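In what follows, a single structure is set out as C-alpha cells and then discussed.
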2 protein chains.
Amino acid sequence: MSFLRNVKGFKSVTLQPAHILVLGFMGLIFIGTCLFMIPAATRDRHHLSLIDALFEATSAVCVTGLAVVDTGTTFTLFGQIILLILIQLGGWGFITSGILMFIILGKKIGLKQRLLLQESLNTFSLQGIIKLVQRVIIITLIVEAIGAIVLSIRWSQEMGWGRAIYYGIFHSISAFNNAGFGLEADSLSKWVGDPTVNIVITALLILGGIGFYVVADVFEKRNFRKLSLHTKVTLFFTLVLNVFSTVIIFGLEYNNPATLGGLGLSDKWWAAYFQGVVPRTAGFNSIDIGQMTLSSQVYMMGLMFIGAASGSTAGGIKVTTFALLLLALAAVITNREDINIFQRRVPASLVSRALSIAVSGVIFIFVIFFLLTITEKGAEMSEIAFETVSAFGTVGMSAGLTMDLSPIGKILITVMMFIGRLGPLTMAFALAIHSKKKAKIRYAEEKILLG
Amino acid sequence: MSFLRNVKGFKSVTLQPAHILVLGFMGLIFIGTCLFMIPAATRDRHHLSLIDALFEATSAVCVTGLAVVDTGTTFTLFGQIILLILIQLGGWGFITSGILMFIILGKKIGLKQRLLLQESLNTFSLQGIIKLVQRVIIITLIVEAIGAIVLSIRWSQEMGWGRAIYYGIFHSISAFNNAGFGLEADSLSKWVGDPTVNIVITALLILGGIGFYVVADVFEKRNFRKLSLHTKVTLFFTLVLNVFSTVIIFGLEYNNPATLGGLGLSDKWWAAYFQGVVPRTAGFNSIDIGQMTLSSQVYMMGLMFIGAASGSTAGGIKVTTFALLLLALAAVITNREDINIFQRRVPASLVSRALSIAVSGVIFIFVIFFLLTITEKGAEMSEIAFETVSAFGTVGMSAGLTMDLSPIGKILITVMMFIGRLGPLTMAFALAIHSKKKAKIRYAEEKILLG
Ligand SMILES: [K+]
Ligand SMILES: [K+]
C-alpha cells in the first residue's frame, strides 16, 4: 500500500511513467548509437552508418541480437565492450522496469493489475525497489560469473586463455540477458554437439528468460506447492514448451541434410534441444536457420511470438499470456466458465488482457511485415516473416535477411525490436494522448453482432 | 422474450444447437460429395476421387470457391447445377443459422449476447423465424434474378443467348452467395475492365456480404441516423475497407507488368476496385492472384482474415469484429475507457468476444498452416499462407496451390473451410464436451503476470 501511494505521486508529473520508460530506453539507444559511430568502435573500413549504428544499439539495448554487421569482425574490443554494456544495462533496465510496469501501468489499462501487484509484491516500498534493483544486479553478476567461468574453462581447451575468458564473459552476459549476440559469424554452430556449451548456454538463457520474480520466488519458497501461481505457470509451460519443441525440431529436421541430417544421433538431439529452446528469446543458433525446413521456421515463429516470461528480458507476448490463451480455449471446449490451473482460478479480467496483448502483437507484426514486403522487394515471404517475428520477440534469430535489409527495412526492424521489447500494450499506452480533460459525454450503450 | 423461451427449450434436447448446426452442414456436404461422385456429374475421364469430391462439396456448401478441378471443364451441366444448389442451400443455411446462432450461442459463451438479440430481434418468435427464412429466400431470389438478367444481357453480346443466360444465372448465384465459383479457368479476367460485369458482380457480392440483417434494417428504416449500430458499423467499415483497398491495390500493382501494368488507366482502376473488394469473401478474380506482388498478397490475406459481415455467407472474423478491435486499440491510444462509435457506447463484454474470435482465428490458421508446410513440401510459404487464410475466410482466391495440393493437404483445407465458415468460436463450442455434471469445486482466485 505504501508503495502504491508513492507510485501515485507520479501522476502529478507531466510525464507519465510509460513515457519515462520509453524515453529512458530511447536515451540509452541514442548514447549507444553515438558510441558505435566513434571510429575506435569499429575496425578499419567498417565505419557504421547512422542507420546501422542505430540498428545495432537498439538490438543491444533491446537484447534482441539481430545484427546488420558481423559482431566479431566489425567491432573492436572497445566496440564489443560497449555492446556488452548496452546489453547489460538494457537487461537490468527491462528486468526492474518490467516489474515496476506491472504496478504503474496496471491501473491505467483498467484491468485491476494494480491489485495484483498489491498482492504479489505487497512487501514493496520505495526502499523495496532500491533493494530489488540491488538484488537483481547482484544475482545477475553471480550467475553470469559462474557461466563465464565454466565457458572459459571449456573454451580454453581450444583457444588461448585470454580469448577463452573473453569468449566466456561475452557469451555468458549475452546468454543470461537473452541477447543472442555471438562472436562467431555462425553463432554457436561450432559447438553444435558439445554438452558443456549446450548446457551452460541454455541454462543461462532459461534462467534469464523465466524472469527475476520466478527466480526469487523459487529461491525463497523452495517447495513447488508453496510457489505463487505465476511461478508455477511460468515453470510448467517453460518446461512443456522446451520438451515439446525439442521433439518437434528433432522430427522436422531429422532428414534435412543441411541441418540435422549429417549429424550423429547424440548431436542431433543436442541441436534439436538447443534450437527448440532458443527461439523463445535467446537468438543464438547452432544450426543454419535459413537451411531449416519451412515447417521448422514456421514453428519457431510461433515460439518467437510467444517469448519467455514476464518480468524477464524477453520479448513476445510472454509464456503466461500464451498459457492463458490455451487455458481459455480449453475452458470453451470443456464448457467451463472458470479458468483453472494448479487448483487456482484465474480472474476473467486477465483473460481479456491476454487476448489484448496477443491481438495487438498480431496487428503490430502484420503492419511491419506488410511494410517490409514493400521495401524488401525480391526477398522471400518466409525470410521477411521470420525477421519480423524475430524482432517482435526480441529473439534475434534470422533466416538470413538482416544484413541485406534496405535502409528503410532496417528502420522498420529497429522499430519492431523496440515495440517487441516494451510490449505492444505498453507501446500503445506510451503513444497515448493524455489529455487532462475527461470526456464529459457518456453515450448510450448499444450492441453489435460479431463473429 | 417469447422467442427466447422457445430457444431455451433446446437445452433439454441431448444435441446442442451448435451440434445440430455442425451436423446439418456435414450432412449437406456428405450428400454433395456423393452426388459429385456420380459419373453423370463429371465429363469423361474427369471422375472425382472421394477426397476431391469432398473438397468440392465442402467448398460449395461453405460458399468458399476454392476448387481442385476446373469447374467449367470438369463438371457436366448436371454437376454444375448440383454445385449451384449446394451453394444456394449453403448460403441460405448460413444466413438464417447465422442469425439464430447469435441467439442460441450467446448465453453459452457467457457474454450476454442473449440480451443483444433480445434487443435487436425482439420482434422475433418461432413464427418469426419461419417468416425470416421466407423473407431471406424471397429477397435472395429477387436479387439473384436481377443480377442474372443484367449479366445475361451483357454476356449475350459475346456468346449465344442460351450460354449467356446460364452464365448470368451461375455467376449471379455464385456472387450473391459470395461463393466465388466461376465457369472460366481464369475466373472473370476476360472482363477485367468491363463496367457492367464489375459493377453487377461487386454489387451482388457486397449486398450478399453485408448480411441479411443489415439489408433488412436499411430497407425498413431508410434513414442512416435511425439505423441500428450494427448496421451503421457494418456499412461504414465496408465502405472504408473497399475504398482504402482499391487505392492500396492500385498503388501496389500499378507498375506490375503481370497485373495492372499493361492495362489502361480506366481498366487499372476497375481491376484495383474489383481486387480490393473481392478478398473479403467473394473469391472471384479479374487479374492473376499468383502474379500479384507479395505486398498485395499479404494485404489481401489481411482482408480475407477480416471477411465480410456477421449473419452473411462470409467467413473470417467479420467486419464488425475487426471494427471493434480497431476501436479498442484507438481507445487505448486516446486513453479512453469507453469504446464509442456513432455516438453509442459498445459494451466492454463485446470487446472480449471480438478479441476471442480474433485470437482463436489466428490459432486455427497457424495450426493448419503449420501442418500444410509439412504436407506441401516444395510449396512457397506465400502460396500456403494464402491458401490457408483464403479457406479460413471462405474466400476462395488462390495463389495457385489448390490444384497441386497433396491428398492430406486437401483434407486440411477442407477442414479449414469448415472451421472458417462456422466460425472458430462456434467450432470450439461444437467440439465442447457437454458434461451434465457441473464442477463442484470452485478454486480460490489467484492472478498471474502477463505481457
Ligand atoms: K534475443
Ligand atoms: K467465397
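Here, A, B, ... name the chains of the C-alpha cells in the order displayed, residue numbers run from 1 inside each chain, and ligands are numbered from 1 in the same displayed order.
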
As a VMD selection string, please: every protein or nucleic acid residue near ligand 1 (cut-off 7 Å, counting only C-alpha atoms and all ligand atoms). chain A and resid 63 to 65 178 to 180 281 to 283 394 to 396

Could you give me the residues within 12 Å of ligand 2, counting only C-alpha atoms and all ligand atoms, as a count of residues only? 57

Output, as a compact mmCIF listing (two decimals) with C-alpha atoms, in the first residue's frame, the coordinates of chain A following least-squares superposition onto chain B across all in-order C-alpha pairs.
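selection-v4.txt written:
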```
# COMPACT_ATOMS: atom_id res chain seq x y z
CA MET A 1 -38.89 -13.04 -24.83
CA SER A 2 -41.33 -15.60 -26.18
CA PHE A 3 -38.74 -16.56 -28.74
CA LEU A 4 -36.09 -17.05 -26.13
CA ARG A 5 -38.35 -19.35 -24.20
CA ASN A 6 -38.70 -21.47 -27.30
CA VAL A 7 -34.97 -21.55 -27.76
CA LYS A 8 -34.42 -22.58 -24.19
CA GLY A 9 -36.39 -25.70 -24.95
CA PHE A 10 -33.43 -26.90 -26.99
CA LYS A 11 -31.47 -27.39 -23.83
CA SER A 12 -33.44 -30.45 -22.80
CA VAL A 13 -32.55 -32.16 -26.08
CA THR A 14 -29.34 -34.15 -25.96
CA LEU A 15 -27.93 -32.51 -29.07
CA GLN A 16 -26.89 -28.93 -28.51
CA PRO A 17 -27.85 -26.35 -31.16
CA ALA A 18 -24.22 -25.93 -32.21
CA HIS A 19 -24.08 -29.68 -32.78
CA ILE A 20 -27.24 -29.59 -34.88
CA LEU A 21 -25.77 -26.82 -36.99
CA VAL A 22 -22.48 -28.62 -37.50
CA LEU A 23 -24.19 -31.93 -38.23
CA GLY A 24 -26.65 -30.25 -40.60
CA PHE A 25 -23.90 -28.77 -42.72
CA MET A 26 -21.92 -32.00 -42.54
CA GLY A 27 -24.98 -33.85 -43.85
CA LEU A 28 -25.32 -31.41 -46.73
CA ILE A 29 -21.62 -31.81 -47.54
CA PHE A 30 -22.00 -35.60 -47.39
CA ILE A 31 -24.90 -35.55 -49.86
CA GLY A 32 -22.95 -33.20 -52.12
CA THR A 33 -19.91 -35.46 -52.00
CA CYS A 34 -22.00 -38.48 -53.04
CA LEU A 35 -23.66 -36.56 -55.87
CA PHE A 36 -20.33 -35.28 -57.21
CA MET A 37 -19.09 -38.88 -57.38
CA ILE A 38 -21.94 -39.95 -59.65
CA PRO A 39 -20.41 -40.39 -63.14
CA ALA A 40 -23.10 -38.13 -64.65
CA ALA A 41 -21.78 -35.20 -62.63
CA THR A 42 -18.44 -35.07 -64.39
CA ARG A 43 -17.35 -35.23 -68.01
CA ASP A 44 -15.52 -38.24 -69.46
CA ARG A 45 -12.34 -39.19 -67.65
CA HIS A 46 -12.85 -36.49 -65.02
CA HIS A 47 -14.27 -38.82 -62.37
CA LEU A 48 -13.65 -37.25 -58.96
CA SER A 49 -11.87 -39.10 -56.17
CA LEU A 50 -13.54 -39.19 -52.77
CA ILE A 51 -11.19 -36.50 -51.43
CA ASP A 52 -11.76 -34.24 -54.44
CA ALA A 53 -15.53 -34.70 -54.27
CA LEU A 54 -15.46 -33.93 -50.53
CA PHE A 55 -13.31 -30.87 -51.17
CA GLU A 56 -15.62 -29.54 -53.89
CA ALA A 57 -18.77 -30.22 -51.86
CA THR A 58 -17.32 -28.50 -48.78
CA SER A 59 -16.15 -25.57 -50.90
CA ALA A 60 -19.67 -25.22 -52.36
CA VAL A 61 -21.65 -25.66 -49.14
CA CYS A 62 -19.27 -23.37 -47.24
CA VAL A 63 -19.51 -20.89 -50.17
CA THR A 64 -15.74 -20.77 -50.42
CA GLY A 65 -14.95 -21.24 -54.08
CA LEU A 66 -11.58 -22.95 -53.81
CA ALA A 67 -11.54 -25.66 -56.48
CA VAL A 68 -9.27 -28.65 -57.01
CA VAL A 69 -10.68 -29.10 -60.52
CA ASP A 70 -11.66 -26.59 -63.18
CA THR A 71 -15.39 -26.09 -62.72
CA GLY A 72 -16.22 -25.26 -66.34
CA THR A 73 -14.43 -28.19 -67.98
CA THR A 74 -14.76 -30.90 -65.31
CA PHE A 75 -18.42 -30.81 -64.35
CA THR A 76 -21.33 -31.62 -66.65
CA LEU A 77 -24.35 -29.32 -66.63
CA PHE A 78 -25.85 -31.72 -64.08
CA GLY A 79 -22.73 -31.44 -61.90
CA GLN A 80 -22.71 -27.65 -62.19
CA ILE A 81 -26.38 -27.47 -61.16
CA ILE A 82 -25.63 -29.62 -58.12
CA LEU A 83 -22.83 -27.19 -57.33
CA LEU A 84 -25.22 -24.24 -57.65
CA ILE A 85 -27.82 -25.92 -55.43
CA LEU A 86 -25.21 -26.67 -52.77
CA ILE A 87 -24.07 -23.04 -52.91
CA GLN A 88 -27.62 -21.76 -52.56
CA LEU A 89 -28.58 -24.17 -49.75
CA GLY A 90 -25.30 -23.40 -48.01
CA GLY A 91 -25.89 -19.67 -48.43
CA TRP A 92 -29.44 -19.80 -47.09
CA GLY A 93 -28.39 -22.08 -44.28
CA PHE A 94 -25.65 -19.77 -43.15
CA ILE A 95 -27.69 -16.60 -43.41
CA THR A 96 -30.55 -17.92 -41.31
CA SER A 97 -28.49 -20.04 -38.97
CA GLY A 98 -26.04 -17.16 -38.60
CA ILE A 99 -28.82 -15.03 -37.18
CA LEU A 100 -30.10 -17.86 -35.00
CA MET A 101 -26.62 -18.70 -33.72
CA PHE A 102 -26.32 -15.27 -32.19
CA ILE A 103 -29.28 -16.13 -30.05
CA ILE A 104 -28.54 -19.72 -29.22
CA LEU A 105 -24.82 -19.53 -28.70
CA GLY A 106 -24.94 -16.22 -26.95
CA LYS A 107 -25.76 -17.45 -23.50
CA LYS A 108 -23.39 -20.38 -23.65
CA ILE A 109 -20.28 -18.33 -24.19
CA GLY A 110 -21.39 -16.25 -21.27
CA LEU A 111 -21.17 -12.86 -22.88
CA LYS A 112 -24.77 -11.76 -22.59
CA GLN A 113 -25.15 -12.03 -26.33
CA ARG A 114 -28.60 -13.29 -25.51
CA LEU A 115 -29.58 -9.84 -24.30
CA LEU A 116 -28.30 -8.42 -27.53
CA LEU A 117 -30.69 -10.50 -29.56
CA GLN A 118 -33.46 -9.86 -27.13
CA GLU A 119 -33.04 -6.21 -28.04
CA SER A 120 -32.32 -6.30 -31.71
CA LEU A 121 -34.60 -9.14 -32.68
CA ASN A 122 -37.23 -8.68 -30.03
CA THR A 123 -40.03 -8.98 -32.53
CA PHE A 124 -39.00 -12.58 -33.15
CA SER A 125 -40.91 -15.69 -32.24
CA LEU A 126 -40.93 -19.19 -33.70
CA GLN A 127 -43.33 -17.96 -36.36
CA GLY A 128 -40.96 -15.04 -36.70
CA ILE A 129 -38.17 -17.41 -37.63
CA ILE A 130 -40.25 -19.07 -40.32
CA LYS A 131 -41.10 -15.64 -41.67
CA LEU A 132 -37.43 -14.70 -41.55
CA VAL A 133 -36.46 -17.74 -43.60
CA GLN A 134 -39.20 -16.94 -46.12
CA ARG A 135 -38.03 -13.36 -46.41
CA VAL A 136 -34.40 -14.44 -46.82
CA ILE A 137 -35.39 -16.81 -49.63
CA ILE A 138 -37.60 -14.31 -51.44
CA ILE A 139 -35.13 -11.42 -51.24
CA THR A 140 -32.31 -13.72 -52.35
CA LEU A 141 -34.26 -14.89 -55.39
CA ILE A 142 -35.26 -11.36 -56.39
CA VAL A 143 -31.72 -9.98 -56.12
CA GLU A 144 -30.22 -12.98 -57.90
CA ALA A 145 -32.81 -12.71 -60.67
CA ILE A 146 -31.97 -9.05 -61.27
CA GLY A 147 -28.25 -9.84 -61.31
CA ALA A 148 -28.76 -12.78 -63.64
CA ILE A 149 -30.82 -10.73 -66.10
CA VAL A 150 -28.31 -7.87 -66.33
CA LEU A 151 -25.35 -10.25 -66.65
CA SER A 152 -27.15 -12.35 -69.27
CA ILE A 153 -27.88 -9.29 -71.40
CA ARG A 154 -24.25 -8.20 -71.11
CA TRP A 155 -22.89 -11.61 -71.98
CA SER A 156 -25.36 -12.14 -74.83
CA GLN A 157 -23.21 -9.62 -76.70
CA GLU A 158 -20.38 -12.11 -76.93
CA MET A 159 -21.98 -15.56 -76.63
CA GLY A 160 -25.23 -17.28 -77.63
CA TRP A 161 -28.32 -16.42 -75.53
CA GLY A 162 -28.54 -19.91 -74.04
CA ARG A 163 -24.99 -19.77 -72.76
CA ALA A 164 -25.29 -16.11 -71.74
CA ILE A 165 -28.36 -16.84 -69.61
CA TYR A 166 -26.68 -19.83 -67.98
CA TYR A 167 -23.54 -17.77 -67.31
CA GLY A 168 -25.70 -14.99 -65.89
CA ILE A 169 -27.60 -17.29 -63.53
CA PHE A 170 -24.47 -19.14 -62.42
CA HIS A 171 -22.40 -16.04 -61.70
CA SER A 172 -25.29 -14.20 -60.08
CA ILE A 173 -25.95 -17.01 -57.60
CA SER A 174 -22.23 -17.51 -57.04
CA ALA A 175 -21.68 -13.79 -56.46
CA PHE A 176 -24.66 -13.05 -54.21
CA ASN A 177 -23.80 -16.04 -52.01
CA ASN A 178 -20.18 -14.93 -52.09
CA ALA A 179 -19.23 -18.37 -53.34
CA GLY A 180 -16.71 -17.23 -55.91
CA PHE A 181 -17.08 -20.21 -58.21
CA GLY A 182 -16.75 -19.25 -61.86
CA LEU A 183 -17.12 -21.07 -65.15
CA GLU A 184 -13.90 -19.86 -66.74
CA ALA A 185 -10.49 -21.18 -65.67
CA ASP A 186 -9.26 -17.61 -65.11
CA SER A 187 -12.42 -16.54 -63.25
CA LEU A 188 -13.53 -13.11 -64.55
CA SER A 189 -10.21 -12.02 -66.04
CA LYS A 190 -11.76 -11.74 -69.52
CA TRP A 191 -13.88 -8.82 -68.28
CA VAL A 192 -11.20 -7.06 -66.22
CA GLY A 193 -12.17 -3.60 -67.50
CA ASP A 194 -15.84 -4.24 -68.25
CA PRO A 195 -18.01 -1.82 -66.24
CA THR A 196 -21.20 -3.93 -66.36
CA VAL A 197 -19.56 -7.13 -65.12
CA ASN A 198 -17.52 -5.27 -62.50
CA ILE A 199 -20.48 -3.30 -61.17
CA VAL A 200 -23.04 -6.12 -61.17
CA ILE A 201 -20.73 -8.74 -59.66
CA THR A 202 -19.39 -6.43 -56.93
CA ALA A 203 -22.88 -5.08 -56.19
CA LEU A 204 -24.14 -8.64 -55.74
CA LEU A 205 -21.29 -9.70 -53.51
CA ILE A 206 -21.29 -6.55 -51.40
CA LEU A 207 -25.06 -6.90 -50.95
CA GLY A 208 -24.64 -10.56 -50.02
CA GLY A 209 -21.66 -9.78 -47.84
CA ILE A 210 -23.17 -7.09 -45.64
CA GLY A 211 -25.64 -9.61 -44.31
CA PHE A 212 -29.38 -9.99 -44.31
CA TYR A 213 -29.84 -8.13 -41.03
CA VAL A 214 -28.23 -5.00 -42.47
CA VAL A 215 -30.17 -5.21 -45.72
CA ALA A 216 -33.44 -5.57 -43.80
CA ASP A 217 -32.52 -2.73 -41.45
CA VAL A 218 -31.73 -0.33 -44.30
CA PHE A 219 -34.86 -1.39 -46.15
CA GLU A 220 -37.06 -0.69 -43.13
CA LYS A 221 -35.50 2.50 -41.75
CA ARG A 222 -34.33 4.25 -44.93
CA ASN A 223 -32.58 6.86 -42.80
CA PHE A 224 -28.95 6.51 -41.74
CA ARG A 225 -29.47 8.09 -38.33
CA LYS A 226 -32.23 5.65 -37.42
CA LEU A 227 -30.23 2.56 -38.33
CA SER A 228 -29.04 0.18 -35.64
CA LEU A 229 -25.44 0.54 -34.52
CA HIS A 230 -24.62 -2.83 -36.07
CA THR A 231 -25.85 -1.65 -39.46
CA LYS A 232 -23.99 1.65 -39.24
CA VAL A 233 -20.71 0.01 -38.27
CA THR A 234 -21.04 -2.64 -40.97
CA LEU A 235 -21.86 -0.13 -43.70
CA PHE A 236 -19.20 2.35 -42.64
CA PHE A 237 -16.35 -0.16 -42.38
CA THR A 238 -17.41 -1.94 -45.56
CA LEU A 239 -17.19 1.38 -47.39
CA VAL A 240 -13.89 2.39 -45.79
CA LEU A 241 -12.27 -1.00 -46.42
CA ASN A 242 -13.41 -1.08 -50.04
CA VAL A 243 -12.21 2.43 -50.86
CA PHE A 244 -8.94 2.00 -48.96
CA SER A 245 -8.26 -1.40 -50.54
CA THR A 246 -8.90 -0.12 -54.05
CA VAL A 247 -6.29 2.59 -53.58
CA ILE A 248 -3.77 0.22 -51.96
CA ILE A 249 -4.07 -2.43 -54.69
CA PHE A 250 -3.89 0.28 -57.35
CA GLY A 251 -0.67 1.60 -55.83
CA LEU A 252 0.97 -1.77 -55.21
CA GLU A 253 0.17 -3.22 -58.65
CA TYR A 254 0.43 -0.08 -60.79
CA ASN A 255 3.81 -1.03 -62.25
CA ASN A 256 3.45 -4.81 -62.13
CA PRO A 257 3.57 -5.91 -65.80
CA ALA A 258 1.83 -9.21 -64.96
CA THR A 259 -1.25 -7.51 -63.48
CA LEU A 260 -2.12 -3.81 -63.83
CA GLY A 261 1.03 -2.73 -65.66
CA GLY A 262 -0.25 -3.52 -69.13
CA LEU A 263 -3.75 -2.11 -68.65
CA GLY A 264 -5.07 1.35 -69.51
CA LEU A 265 -5.78 3.76 -66.66
CA SER A 266 -9.51 3.05 -66.58
CA ASP A 267 -8.97 -0.73 -66.63
CA LYS A 268 -6.35 -0.32 -63.91
CA TRP A 269 -8.92 1.31 -61.62
CA TRP A 270 -11.58 -1.30 -62.40
CA ALA A 271 -9.15 -4.13 -61.69
CA ALA A 272 -7.90 -2.50 -58.49
CA TYR A 273 -11.48 -1.90 -57.34
CA PHE A 274 -12.50 -5.46 -58.13
CA GLN A 275 -9.45 -6.99 -56.48
CA GLY A 276 -9.84 -4.68 -53.49
CA VAL A 277 -13.47 -5.69 -52.92
CA VAL A 278 -13.42 -9.46 -53.57
CA PRO A 279 -10.90 -10.65 -50.94
CA ARG A 280 -13.21 -10.08 -48.02
CA THR A 281 -15.19 -13.16 -49.06
CA ALA A 282 -16.06 -13.38 -52.73
CA GLY A 283 -13.17 -15.21 -54.29
CA PHE A 284 -13.54 -14.18 -57.92
CA ASN A 285 -10.56 -12.60 -59.58
CA SER A 286 -10.05 -10.44 -62.64
CA ILE A 287 -6.23 -10.50 -62.54
CA ASP A 288 -3.87 -13.39 -61.77
CA ILE A 289 -3.52 -13.58 -57.99
CA GLY A 290 -0.31 -15.60 -58.18
CA GLN A 291 1.32 -12.85 -60.25
CA MET A 292 0.43 -10.04 -57.86
CA THR A 293 3.20 -8.56 -55.71
CA LEU A 294 3.92 -10.20 -52.37
CA SER A 295 2.75 -6.97 -50.71
CA SER A 296 -0.65 -7.19 -52.41
CA GLN A 297 -0.95 -10.84 -51.46
CA VAL A 298 -0.15 -10.04 -47.84
CA TYR A 299 -2.60 -7.15 -47.85
CA MET A 300 -5.30 -9.39 -49.32
CA MET A 301 -4.58 -11.99 -46.65
CA GLY A 302 -5.42 -9.30 -44.13
CA LEU A 303 -8.71 -8.63 -45.94
CA MET A 304 -9.49 -12.35 -46.17
CA PHE A 305 -8.90 -12.70 -42.44
CA ILE A 306 -11.33 -9.85 -41.76
CA GLY A 307 -14.09 -11.13 -44.06
CA ALA A 308 -17.46 -9.47 -44.55
CA ALA A 309 -20.42 -9.01 -42.23
CA SER A 310 -21.91 -11.14 -39.47
CA GLY A 311 -25.05 -13.00 -40.46
CA SER A 312 -23.94 -13.13 -44.10
CA THR A 313 -22.40 -15.98 -46.06
CA ALA A 314 -18.94 -14.63 -45.27
CA GLY A 315 -16.17 -16.32 -43.37
CA GLY A 316 -13.33 -14.66 -41.48
CA ILE A 317 -13.60 -12.80 -38.20
CA LYS A 318 -16.20 -10.40 -39.72
CA VAL A 319 -16.03 -6.71 -40.32
CA THR A 320 -17.69 -5.69 -37.03
CA THR A 321 -15.15 -7.75 -35.09
CA PHE A 322 -12.36 -5.97 -36.95
CA ALA A 323 -14.00 -2.60 -36.33
CA LEU A 324 -14.17 -3.32 -32.62
CA LEU A 325 -10.50 -4.30 -32.50
CA LEU A 326 -9.57 -1.01 -34.16
CA LEU A 327 -11.83 0.96 -31.85
CA ALA A 328 -10.37 -0.78 -28.81
CA LEU A 329 -6.85 0.03 -29.96
CA ALA A 330 -7.89 3.63 -30.59
CA ALA A 331 -9.41 3.77 -27.12
CA VAL A 332 -6.10 2.69 -25.57
CA ILE A 333 -4.14 5.25 -27.57
CA THR A 334 -6.52 8.08 -26.80
CA ASN A 335 -6.63 6.92 -23.19
CA ARG A 336 -10.40 6.53 -23.08
CA GLU A 337 -12.25 3.94 -21.11
CA ASP A 338 -15.37 3.93 -23.27
CA ILE A 339 -15.41 2.54 -26.75
CA ASN A 340 -17.62 4.92 -28.70
CA ILE A 341 -18.76 4.96 -32.27
CA PHE A 342 -21.61 6.84 -33.95
CA GLN A 343 -22.44 8.38 -30.56
CA ARG A 344 -23.03 5.00 -29.00
CA ARG A 345 -20.98 3.12 -26.43
CA VAL A 346 -20.04 -0.48 -27.22
CA PRO A 347 -20.17 -2.74 -24.15
CA ALA A 348 -16.78 -3.92 -22.91
CA SER A 349 -18.00 -7.52 -22.96
CA LEU A 350 -18.24 -7.36 -26.75
CA VAL A 351 -14.60 -6.31 -26.94
CA SER A 352 -13.62 -9.50 -25.12
CA ARG A 353 -15.65 -11.48 -27.58
CA ALA A 354 -14.03 -9.71 -30.53
CA LEU A 355 -10.60 -10.43 -29.11
CA SER A 356 -11.51 -14.10 -28.56
CA ILE A 357 -12.71 -14.46 -32.13
CA ALA A 358 -9.53 -12.89 -33.50
CA VAL A 359 -7.20 -14.96 -31.32
CA SER A 360 -8.96 -18.26 -31.96
CA GLY A 361 -8.90 -17.44 -35.68
CA VAL A 362 -5.18 -16.80 -35.57
CA ILE A 363 -4.60 -20.05 -33.66
CA PHE A 364 -6.67 -22.15 -36.10
CA ILE A 365 -4.88 -20.56 -39.07
CA PHE A 366 -1.46 -21.07 -37.52
CA VAL A 367 -2.08 -24.76 -36.79
CA ILE A 368 -3.47 -25.60 -40.25
CA PHE A 369 -0.77 -23.49 -41.90
CA PHE A 370 1.98 -25.25 -39.94
CA LEU A 371 0.60 -28.69 -40.85
CA LEU A 372 0.40 -27.68 -44.52
CA THR A 373 4.08 -26.69 -44.52
CA ILE A 374 4.76 -30.32 -43.55
CA THR A 375 2.44 -31.92 -46.12
CA GLU A 376 3.13 -29.50 -49.00
CA LYS A 377 6.88 -29.89 -49.35
CA GLY A 378 8.34 -27.62 -51.99
CA ALA A 379 5.48 -25.11 -51.97
CA GLU A 380 6.29 -21.48 -51.22
CA MET A 381 5.35 -20.11 -47.83
CA SER A 382 3.30 -17.37 -49.50
CA GLU A 383 1.24 -19.89 -51.51
CA ILE A 384 0.49 -21.98 -48.42
CA ALA A 385 -0.30 -18.97 -46.26
CA PHE A 386 -2.57 -17.51 -48.92
CA GLU A 387 -4.43 -20.80 -49.36
CA THR A 388 -4.93 -21.23 -45.61
CA VAL A 389 -6.23 -17.73 -45.00
CA SER A 390 -8.41 -17.94 -48.11
CA ALA A 391 -10.02 -21.11 -46.71
CA PHE A 392 -10.46 -19.53 -43.28
CA GLY A 393 -12.17 -16.51 -44.82
CA THR A 394 -14.14 -18.84 -47.15
CA VAL A 395 -12.86 -16.52 -49.85
CA GLY A 396 -11.73 -18.98 -52.43
CA MET A 397 -8.95 -16.95 -54.04
CA SER A 398 -5.75 -18.91 -54.58
CA ALA A 399 -2.17 -18.01 -55.36
CA GLY A 400 -2.10 -21.25 -57.35
CA LEU A 401 -1.70 -24.04 -54.82
CA THR A 402 -5.21 -25.56 -54.76
CA MET A 403 -4.90 -27.97 -57.65
CA ASP A 404 -1.42 -29.09 -56.56
CA LEU A 405 -2.45 -29.91 -52.99
CA SER A 406 -1.50 -33.33 -51.64
CA PRO A 407 -4.41 -35.53 -50.47
CA ILE A 408 -3.74 -34.66 -46.80
CA GLY A 409 -3.38 -31.03 -47.82
CA LYS A 410 -6.83 -31.17 -49.43
CA ILE A 411 -8.28 -32.58 -46.24
CA LEU A 412 -6.61 -29.85 -44.16
CA ILE A 413 -8.03 -27.13 -46.42
CA THR A 414 -11.44 -28.84 -46.30
CA VAL A 415 -11.30 -28.68 -42.49
CA MET A 416 -10.17 -25.06 -42.61
CA MET A 417 -13.08 -24.09 -44.90
CA PHE A 418 -15.49 -25.72 -42.48
CA ILE A 419 -13.94 -24.00 -39.46
CA GLY A 420 -13.79 -20.69 -41.29
CA ARG A 421 -17.41 -20.92 -42.32
CA LEU A 422 -18.85 -21.89 -38.96
CA GLY A 423 -16.57 -19.50 -37.13
CA PRO A 424 -13.77 -20.50 -34.78
CA LEU A 425 -15.80 -19.89 -31.65
CA THR A 426 -18.81 -21.87 -32.88
CA MET A 427 -16.45 -24.64 -33.88
CA ALA A 428 -14.77 -24.70 -30.50
CA PHE A 429 -18.17 -24.74 -28.88
CA ALA A 430 -19.43 -27.55 -31.10
CA LEU A 431 -16.39 -29.59 -30.10
CA ALA A 432 -17.12 -28.85 -26.47
CA ILE A 433 -17.71 -31.69 -24.08
CA HIS A 434 -21.12 -31.02 -22.66
CA SER A 435 -20.95 -32.97 -19.44
CA LYS A 436 -24.10 -32.92 -17.36
CA LYS A 437 -22.27 -32.63 -14.09
CA LYS A 438 -21.28 -29.17 -12.98
CA ALA A 439 -17.86 -28.73 -11.42
CA LYS A 440 -18.45 -28.84 -7.70
CA ILE A 441 -15.19 -27.29 -6.59
CA ARG A 442 -14.54 -23.66 -7.25
CA TYR A 443 -10.92 -22.81 -6.69
CA ALA A 444 -9.56 -19.72 -5.00
CA GLU A 445 -8.66 -16.91 -7.34
CA GLU A 446 -5.03 -16.01 -7.99
CA LYS A 447 -3.50 -13.67 -10.52
CA ILE A 448 -0.48 -14.03 -12.77
CA LEU A 449 1.70 -11.51 -14.57
CA LEU A 450 1.21 -11.02 -18.27
CA GLY A 451 2.85 -9.22 -21.20
```
